[in-house]
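Enquirer: Below you'll find the structure I mean.
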Amino acid sequence: MRSNPVLFEDTFEVLDKDPDGKKFDRVSRYRCKSDLFEMDLTIDINVEVYPMETGQKFRMALASTLNPDGKPDDGNFDQTLQWDGHPGRPSLMDDYEYVMYGKLFKFGDDHASGTPKVEVYVSFGGLLMLLKGDPKKLEELEINSRLYLLVRKV
């Protein structure tokens, strides 16, 4: 059992919103760049729930479970967890504003820049994420694994 459920965490800045035009009323696609690890992120967000604008900075984490002690979950939402003002057991959601649950479905390689980069593709119920960067910073991630994406504005 992992003691730290967070597999990746960094601060990102929104560079562009809907770069290919608005496709859906309730969803926007954001192109972002991270501060610490120089990752490139393209992510779909439900803007009715969590709107962001160009220039906005946010903290993003990918976690294997919502349990702060790293105890694995069974993939079903645990209603005994504390969330959005509801009393319950502490969870990673306590420190974030927007949470999605999804599956890592594809890895790719990008050698176009001359520096090897890995591409990580995750689907959150149809909302997609592409995270691209240094393979060493993403080595904790595994194909077909279930992930929680946690976001808070900074």
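By order in the structure tokens, chains are A, B, ...; within a chain, residues start at 1; ligands start at 1, following the order shown.
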Considering only C-alpha atoms, return as a count of residues only whatever protein or nucleic-acid residues lie within 7 Å of Phe8 of chain A, sequence-local ones (same chain, fewer than 5 positions apart) excluded.
Expert: 3
Enquirer: Rounded to one decimal, what separation in Å do you get between atom CA of Met93 of chain A and atom CA of Asn46 of chain A?
Expert: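 So the two atoms, atom CA of Met93 of chain A and atom CA of Asn46 of chain A, lie 17.3 Å apart.
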Enquirer: Which is closer to Ser123 of chain A than all the others in A:Glu140, A:Leu92, A:Thr65, A:Thr42, using only C-alpha atoms?
Expert: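 The closest residue to Ser123 of chain A is A:Thr42.
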Enquirer: Nearest residue to Lys132 of chain A out of A:Val154, A:Ala63, A:Met39, A:Val99, using only C-alpha atoms?
Expert: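 Among A:Val154, A:Ala63, A:Met39, A:Val99, it is A:Met39 that comes nearest to Lys132 of chain A.
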